[in-house]
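Visitor: Quick one: structure below, then a few questions.
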Amino acid sequence: MSAAQSEEEREIQDHISDSHSDDENDLDSHDVGNVVDSSEEDEDDDDDPEAIQKVREGFIVDDDDDDNDNGDAAQTKKSRRKRRAEAERKVRDDEELDEDDLELLRENSGALPAHLAEKSKFKRLKRADDSGASEGPRGLTEMFSDEEEAAEPEEEDDEQRPRQQLDEFDGFIEDDEFSEDENRDEEVARMRRNGRAMNQLAHSSIDNDKLGELYEIFGDGEEYDWALQLEEENEVETEENAQPKTLEEVFEMSELKEHLLTEEDDLIRMSDVPERFQALRKGIEHYDLSEEEFALEQDWVANELMKEKAAMLAQQTFLLEPFKASVKTVLEFISRELLEVPFIWSHRRDFLLHTYREDGALKVSKLLSEHDLWRLVELDLEYHRIYEKKLAIQNVYKSIGVFDSLYEEYIKSSRSMVELQDIHDYLSFTYSAEIKDAVFSNGDLKSKKHSKYVVYEKVRADPLYEVVKAVGISAQEFGENVSTNQKLYQTEDPEQSPEQMVAAVVEAGESFLATDDKALEAVKHMYAEQLLHDPRLRTTLRLAFQNYANIDIVLTEKGKVKIDENSPYADFKYAINRPTESFSFHPDLFLRMLEAEQLALVEIKIYLKSFDSFTDHLYGSLASDGTSDVSAAWNTLRRSAVEIAMKKLVPIVSLNVKEKLRATSERLLFYDVREEFLRKVDQAPYQPAGYSKGTIPRVLAVSNGRGERDDAVIAVMIDDEGRLVESVKFEEKLKNPEFDRSFLKVIERLRPDVIAVSGYNVNAKMLHQTVSEVIRKNDVRVNNDPQEELTFETDDGEAPLLEVMWVADETAKLYQHSKRAEKEYSDKPVVARFCVALARYAQSPLLEYIALGEDLPSLSIHKHQTLLSPDRVVQAIETVLVDITNMVGIHINDAVRDPYKALALQYVAGLGARKASGLVQKIQANDGALNSRQELVTKELMSRHVFINCASFLIIDYDESMEADGEPLDSTRIHPEDYDLARKMATDALDLDEGDREIVERERGGVINYLYQKGTEKLDDLIIEEYGDELEKHNQRKRATLQTIKEELQGSYDELRRSFNRLSESEVFRMLTGESEETFHPGAVIPVSLRRVDDRFLVAVTQSLIEGNIRRSHMLEQSDYRSPSQVFTVGETLRAAVISVDYSAFKADLSLLKEDISNATTKYIEKYEGTWDFGAEQADKKIEQNKVATENRAKRVIKHPYFRNLNSQQAEDYLAPLQVGEYVIRPSSKGNNHLVVTWKVDDQLFQHVDVVEHGKATEYSLGRVLQVGEFKYSDLDELLVGYIGSVVQKVEDMVNHEKFRKGTLDETKQWLERYSAANKNRSCYTFCYNRKSPGWFLLLFKLSPSSEIRTWHVKALPTGYSFSGNVYPDMTSLCNGFKTVVANRQRPTEHRRGPPAAAAGYGYGAYSGYGGY
């Protein structure tokens, strides 16, 4: 404690010693639970316990033990350094009170706690009782209240003010007679007021003598203590009853979610299931499967993973069965035993390996990798989603109460979502009426929607259905013929032709169809639908597409223009005949194709080359062998039905194939992203010279920010405990010799282990050079502390020069502007915060990545990561953080003390954000530290499964000097379930008998500590293989575990990560410029700005500050004899070709010659005959050349203020910033007898009006008559006023109408759906832009909430609105005309077919199959 102790703190201490001594007896009263032995395992009844005991009694030792006490020197130095740091921290803790001590003093003294002195982060929604604050215990509403106790005097003043006003009228109002209780209450209230007044007097400037006189006169109110106490108890009880019961009643849900305080979060904390598993399995209602179903899952998962790893298994066929067995076992670990991937990888490694003997030698083959374990977690979830879908279908089937042999057979064999969807569609079509009745009988009226199979239900209930049955072979029989590739069922022809049978039904007048043609079409489509919904046919066609389909890219008109040589889609612009399996080698390729298709640049065409022959084969399984006219008629109908079915089925199957390719590509890209991020995170802290790997260095981070003239150099020193020691701002410039001296003084004072350098751009290169030169010139060596006894790996054994290194700054750039940086170092400039993050990165890349939190997905990990959804990118990142965090382990007591280190706790196996924060709080409430892993159970800090998962990854350092008993194995990767095995190995290595072992175990640390004292090299004498063989005989696979135990005993938690990544030249180049070898390379064409112009050379700079040198020979053409100073000026921007690049110096040689620029190479694109459409490419190039030639022809000149020589794109760009309704006249690409008027309809919407010229005097003169459609004009002004101006006005009237919506087509449809649902008894309609044909509008309407949205088209003309063959002069007439047309089209027949004339030729497709619309 500081000597300069304040008077207030001494009073607080006195108060504690006097009034709280009784509480100290309660601190040690804890309920200690039974210790759970997690190492117990179920054993088979056949296991021989005596044989196992013999195995455990002794290892086989080769030679006598050697008394070699020499340990790992580097490890010892690392430990000494750590112990010294801990000792220094204890000294600091003794010298000054920490925040917890001060907080405890405040609480015991009755002072306001520090955490309540600041404004709460939670927003207060409401108060339980506004009448006043209770002096009793603080309730839930006060726990996070923004209102502090300091506000109470204001409440008292408010309470007293009205009472003072009433006192003035005491004699005016006659008092009523009160009961004794009422008199007592009034007296109590008066005494409370007097008490408050006395309290105020006590805190006023009145001296003690006068206060004493006042007390003598008025008393101190003690005689009414009983009444006051009774009233306070009643008030407390009332307040407790009025308090809200849940946090949701007090705080906003968004804040509760942010702080993980919802009821759902509490359930996750309490559940004995790893938190990550709970998050992944959320939404799965039936996760726990029966034994039979779980066996099916194991088979399904094993088969799926075997397909994905087919290439590996094909080369090692002997691994097929072991691989399958390994998958099944791991799936049981995940699903039944709730073990997370890190635990399985670390402690069940033997089940991931195949061990066998070959020629007497022990061989080990790897079956599953860490990636595979994460994939098994995903496959487990996929199977459960399939299972849930299957249960839903089974419920539907049970509800309709039928028996269907096809369903019964197919539901058992369905193993994918697509197959289940097939059976769902089959049931929905075949039993649509039954399903509707079942829904209605269950009372679920909301789910009774309009069925798309209504028409087919009518056919099925119609006498016409007998004709469908007479086709001669059912859809199910046909499907079985196709699936077996055998004609198991023969087709029988009826005696009458289909036309005759249909005519008979229609003539009888029993059918709802009035004509023979319509009835025959109904029969044909009904049978086609039955074929379409047969699951066997779908499966056969889908397999054919998956195995033999090819993919072509079909360019849209937009794609032909937008996709150029530098486009990200250029490598597949003319791709054809691409087999589906080829995309597995480039997973990003198909995802980029999908992205281009979404942008309307291409269309992905999936097809079978032999589709016609495939269709013929299908028809062969359906046609009859008859040769009569009747047979021919029936075969014609069957053929038509097959073609109709295939026309509908191919798009469905193509979509299935496309979805499967997308899922496969995303999966492969996901693991590519994961692998790239693993390379970033899998690196140990920078290793200080002379210390072992994993030692935390003292880092001096230096940066000059942007490196501009006014930017100072900032240096920040972070010690090996992560504390900011000093921040230095150098006033001297880099080129000033004083900077060297100042920087040298800083180094000598701070004595860092390494200097980390980075900056915002290329200007940081000068800083790196200057600092490196200071170190070299002054021969600055690393700090050789005599107490450390360091050994350096140099030729002379001397300390090496202090290293100056570039450090990756991606985390620093995100940290410097973050809220975390503002909170931690609000008084530091941004560059200083940047340096802090650089130093932390050098000390622990893992923690710096974890600390980014929500900013992690913004990292640039993989060039194609944007092709994945943000959630998948986050998942890839988190799985890597889980792997590396558990490989490194966490010192749990350090995490409890340091919030920065506690950030990694959520990635420990079994834990998550909620469980980790809960664990920290529990430890803080239980003495603030753990002495052993066992306390996690005995103190009930976590549940069983969570403990099993996380125990070995929580490190508790063992120190013999500790007062509490510790366990040496708690500082190792050894799991508590294997502690007995570790002790047995130590016993055998020390050659101790049972008696000696019992004696040693009584000592502190037991046999493990004794092994450490004698030397862990004794473990090398053990023959682990033979012991592993004996254990395997008794069904205990522990070979890998034995090896792990040995390694951990010889070096607990040794650093397993790769060494700290020193950036290569290309990586530094990318970091400081943002360019890479793919974007900046010889042959690239870039814009540059001239900085210096000389007749001998030019100096230019790129946008990324790369310096470019342009020699005299690369400036001007040989025929150009002008001086460079006459041609070029400083600041001018030019296009230059890169000749060569020096990435280390950030310099390049450039050329301005046209030949070099035109010959500049673009990115390489693989083009092979058969998979690249060279013909289409050449044709498009020719069109482009002709277009350029046309544009380069003599420009047409028309004397008019609105005429411009622009093409369509240039005209749109010209009008883009102008007002709606503005226009421009321009030449037409159709020739000189045409003009175009382009006018702005809306933002990003332009109409190009074609004007035909008649009566031209010459080719380039303006025609005497200008015609637009049927409208003719004599000059441009008349056309602009009469046509363009009138159309603009009509469009404006349309847009301003109440029925017009300005959104996109999809947004308008969504609005119409909502509006129709809200107005169920009305037909609803609206207008919107036709963005595919500007100047046209779409009229969308719904006749009822259950009907589909129909779309008609309206064109704006100078005279009105063209709709359905009529022209309406205004919007009112148009709306009335629309209603009339709808009414007229509903009258004749409900089943009119074919689109209206107004809808012809437009691709919105909502015209068929309903009432003629």
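By order of appearance in the structure tokens: chains A, B, ..., then residues from 1 within every chain, and ligands from 1 in the order shown.
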Skip range 337-344 of chain A itself and residues of its chain fewer than 3 positions away, then list as a list in words all residues within 7 Å of it, counting only C-alpha atoms.
Guide: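 Counting only the stated atoms, we get Val273, Glu332, Phe333, Ile334, His347, Arg348, Arg349, Leu373, Trp374, Asp883, Asn886, Ala909, Gly910, His945 and Asn949 of chain A.
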Visitor: Output N, CA and C atoms of each residue in that selection to a file, as a PDB file, in the first residue's frame.
Guide:
ATOM      1  N   VAL A 273     -23.998 -28.608 -22.783  1.00  0.00           N
ATOM      2  CA  VAL A 273     -23.664 -28.892 -24.173  1.00  0.00           C
ATOM      3  C   VAL A 273     -22.716 -27.788 -24.632  1.00  0.00           C
ATOM      4  N   GLU A 332     -19.853 -40.513 -33.566  1.00  0.00           N
ATOM      5  CA  GLU A 332     -20.380 -40.837 -32.245  1.00  0.00           C
ATOM      6  C   GLU A 332     -19.792 -39.907 -31.187  1.00  0.00           C
ATOM      7  N   PHE A 333     -18.501 -39.590 -31.315  1.00  0.00           N
ATOM      8  CA  PHE A 333     -17.900 -38.617 -30.398  1.00  0.00           C
ATOM      9  C   PHE A 333     -18.652 -37.290 -30.462  1.00  0.00           C
ATOM     10  N   ILE A 334     -18.958 -36.843 -31.679  1.00  0.00           N
ATOM     11  CA  ILE A 334     -19.576 -35.528 -31.872  1.00  0.00           C
ATOM     12  C   ILE A 334     -21.033 -35.536 -31.430  1.00  0.00           C
ATOM     13  N   HIS A 347      -7.125 -35.582 -28.109  1.00  0.00           N
ATOM     14  CA  HIS A 347      -7.221 -36.686 -27.147  1.00  0.00           C
ATOM     15  C   HIS A 347      -7.887 -37.938 -27.698  1.00  0.00           C
ATOM     16  N   ARG A 348      -8.315 -37.902 -28.934  1.00  0.00           N
ATOM     17  CA  ARG A 348      -8.843 -39.102 -29.580  1.00  0.00           C
ATOM     18  C   ARG A 348      -8.122 -39.313 -30.910  1.00  0.00           C
ATOM     19  N   ARG A 349      -6.862 -38.913 -30.935  1.00  0.00           N
ATOM     20  CA  ARG A 349      -6.077 -38.965 -32.173  1.00  0.00           C
ATOM     21  C   ARG A 349      -5.941 -40.395 -32.694  1.00  0.00           C
ATOM     22  N   LEU A 373     -12.600 -33.178 -39.645  1.00  0.00           N
ATOM     23  CA  LEU A 373     -13.398 -33.178 -38.423  1.00  0.00           C
ATOM     24  C   LEU A 373     -14.454 -32.077 -38.466  1.00  0.00           C
ATOM     25  N   TRP A 374     -14.069 -30.899 -38.931  1.00  0.00           N
ATOM     26  CA  TRP A 374     -15.055 -29.820 -39.066  1.00  0.00           C
ATOM     27  C   TRP A 374     -16.102 -30.175 -40.118  1.00  0.00           C
ATOM     28  N   ASP A 883      -9.164 -23.854 -33.505  1.00  0.00           N
ATOM     29  CA  ASP A 883      -8.055 -24.805 -33.629  1.00  0.00           C
ATOM     30  C   ASP A 883      -6.780 -24.267 -32.988  1.00  0.00           C
ATOM     31  N   ASN A 886      -6.848 -23.633 -29.031  1.00  0.00           N
ATOM     32  CA  ASN A 886      -6.720 -24.859 -28.243  1.00  0.00           C
ATOM     33  C   ASN A 886      -5.344 -25.497 -28.407  1.00  0.00           C
ATOM     34  N   ALA A 909     -12.389 -25.221 -26.456  1.00  0.00           N
ATOM     35  CA  ALA A 909     -13.364 -26.284 -26.687  1.00  0.00           C
ATOM     36  C   ALA A 909     -14.372 -26.340 -25.543  1.00  0.00           C
ATOM     37  N   GLY A 910     -15.646 -26.480 -25.898  1.00  0.00           N
ATOM     38  CA  GLY A 910     -16.705 -26.558 -24.911  1.00  0.00           C
ATOM     39  C   GLY A 910     -17.280 -25.221 -24.527  1.00  0.00           C
ATOM     40  N   HIS A 945     -19.849 -32.231 -19.422  1.00  0.00           N
ATOM     41  CA  HIS A 945     -19.383 -32.277 -20.805  1.00  0.00           C
ATOM     42  C   HIS A 945     -18.507 -31.076 -21.158  1.00  0.00           C
ATOM     43  N   ASN A 949     -14.439 -31.262 -22.352  1.00  0.00           N
ATOM     44  CA  ASN A 949     -13.949 -30.630 -23.569  1.00  0.00           C
ATOM     45  C   ASN A 949     -12.825 -29.637 -23.312  1.00  0.00           C
TER      46      ASN A 949
END
Visitor: Just the residues within 12 Å of Ala632 in chain A, please, counting only C-alpha atoms, with nothing from its chain fewer than 5 positions along; format it as a count of residues only.
Guide: 14
Visitor: For range 696-713 of chain A, work out the shell of residues within 8 Å, counting only C-alpha atoms and skipping chain neighbours fewer than 3 positions away, then give it as a PyMOL selection string.
Guide: chain A and resi 685-688+716-721+729-734+752-761+763-764+767+831+835-836+838-839+842-844
Visitor: Give me, please, the distance in Å between CA of Val782 in chain A and CA of Ala689 in chain A, quoted to one decimal.
Guide: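 Distance between the two atoms: 7.3 Å.
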Visitor: Mind checking which residues fall within 12 Å of Asp1213 in chain A, counting only C-alpha atoms, ignoring those fewer than 5 positions away in the same chain, and posting them as a list in words?
Guide: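 Everything that qualifies: Leu1206, Asn1207, Ser1208, Leu1218, Tyr1223, Val1224, Thr1238, Trp1239, Lys1240, Asp1243, Gln1244, Leu1245 and Phe1246 of chain A.
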Visitor: Would you mind telling me which residue in A:Asn1319, A:Gln934, A:Asn1376, A:Asn1330 lies nearest to Val1354 in chain A when using only C-alpha atoms?
Guide: A:Asn1330
Visitor: Could you name the residues that touch range 320-329 of chain A at 7 Å or less, counting only C-alpha atoms, but leaving out those on the same chain fewer than 3 positions away, as a list in words?
Guide: Gln298, Ala302, Leu313, Thr317, Glu332, Phe333, Phe351, Leu352, His354 and Leu367 of chain A
Visitor: Would you kindly return, as a PyMOL selection string, each protein, DNA or RNA residue with an atom no farther than 10 Å from any atom of range 845-862 of chain A, considering only C-alpha atoms and excluding same-chain residues fewer than 6 positions away?
Guide: chain A and resi 669-670+672-686+808+810-812+814-815+818+820+837-839+870-878+881+884-885+888+900-904+906-907+1060-1061
Visitor: Based on DSSP run over this structure's backbone, return all residues of range 1068-1102 of chain A in strand (DSSP E or B), as a count of residues only.
Guide: 14
Visitor: Could you work out how far CA of Gln1185 in chain A lies from CA of Ile604 in chain A, giving the answer in Å with one decimal?
Guide: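 CA of Ile604 in chain A sits 26.8 Å away from CA of Gln1185 in chain A.
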Visitor: If we count only C-alpha atoms and set the cut-off at 10 Å, which residues sit around Arg1092 in chain A, ignoring sequence neighbours fewer than 4 positions away in its own chain? Please answer as a ChimeraX atom specification.
Guide: /A:1097-1101,1109,1125,1128-1131
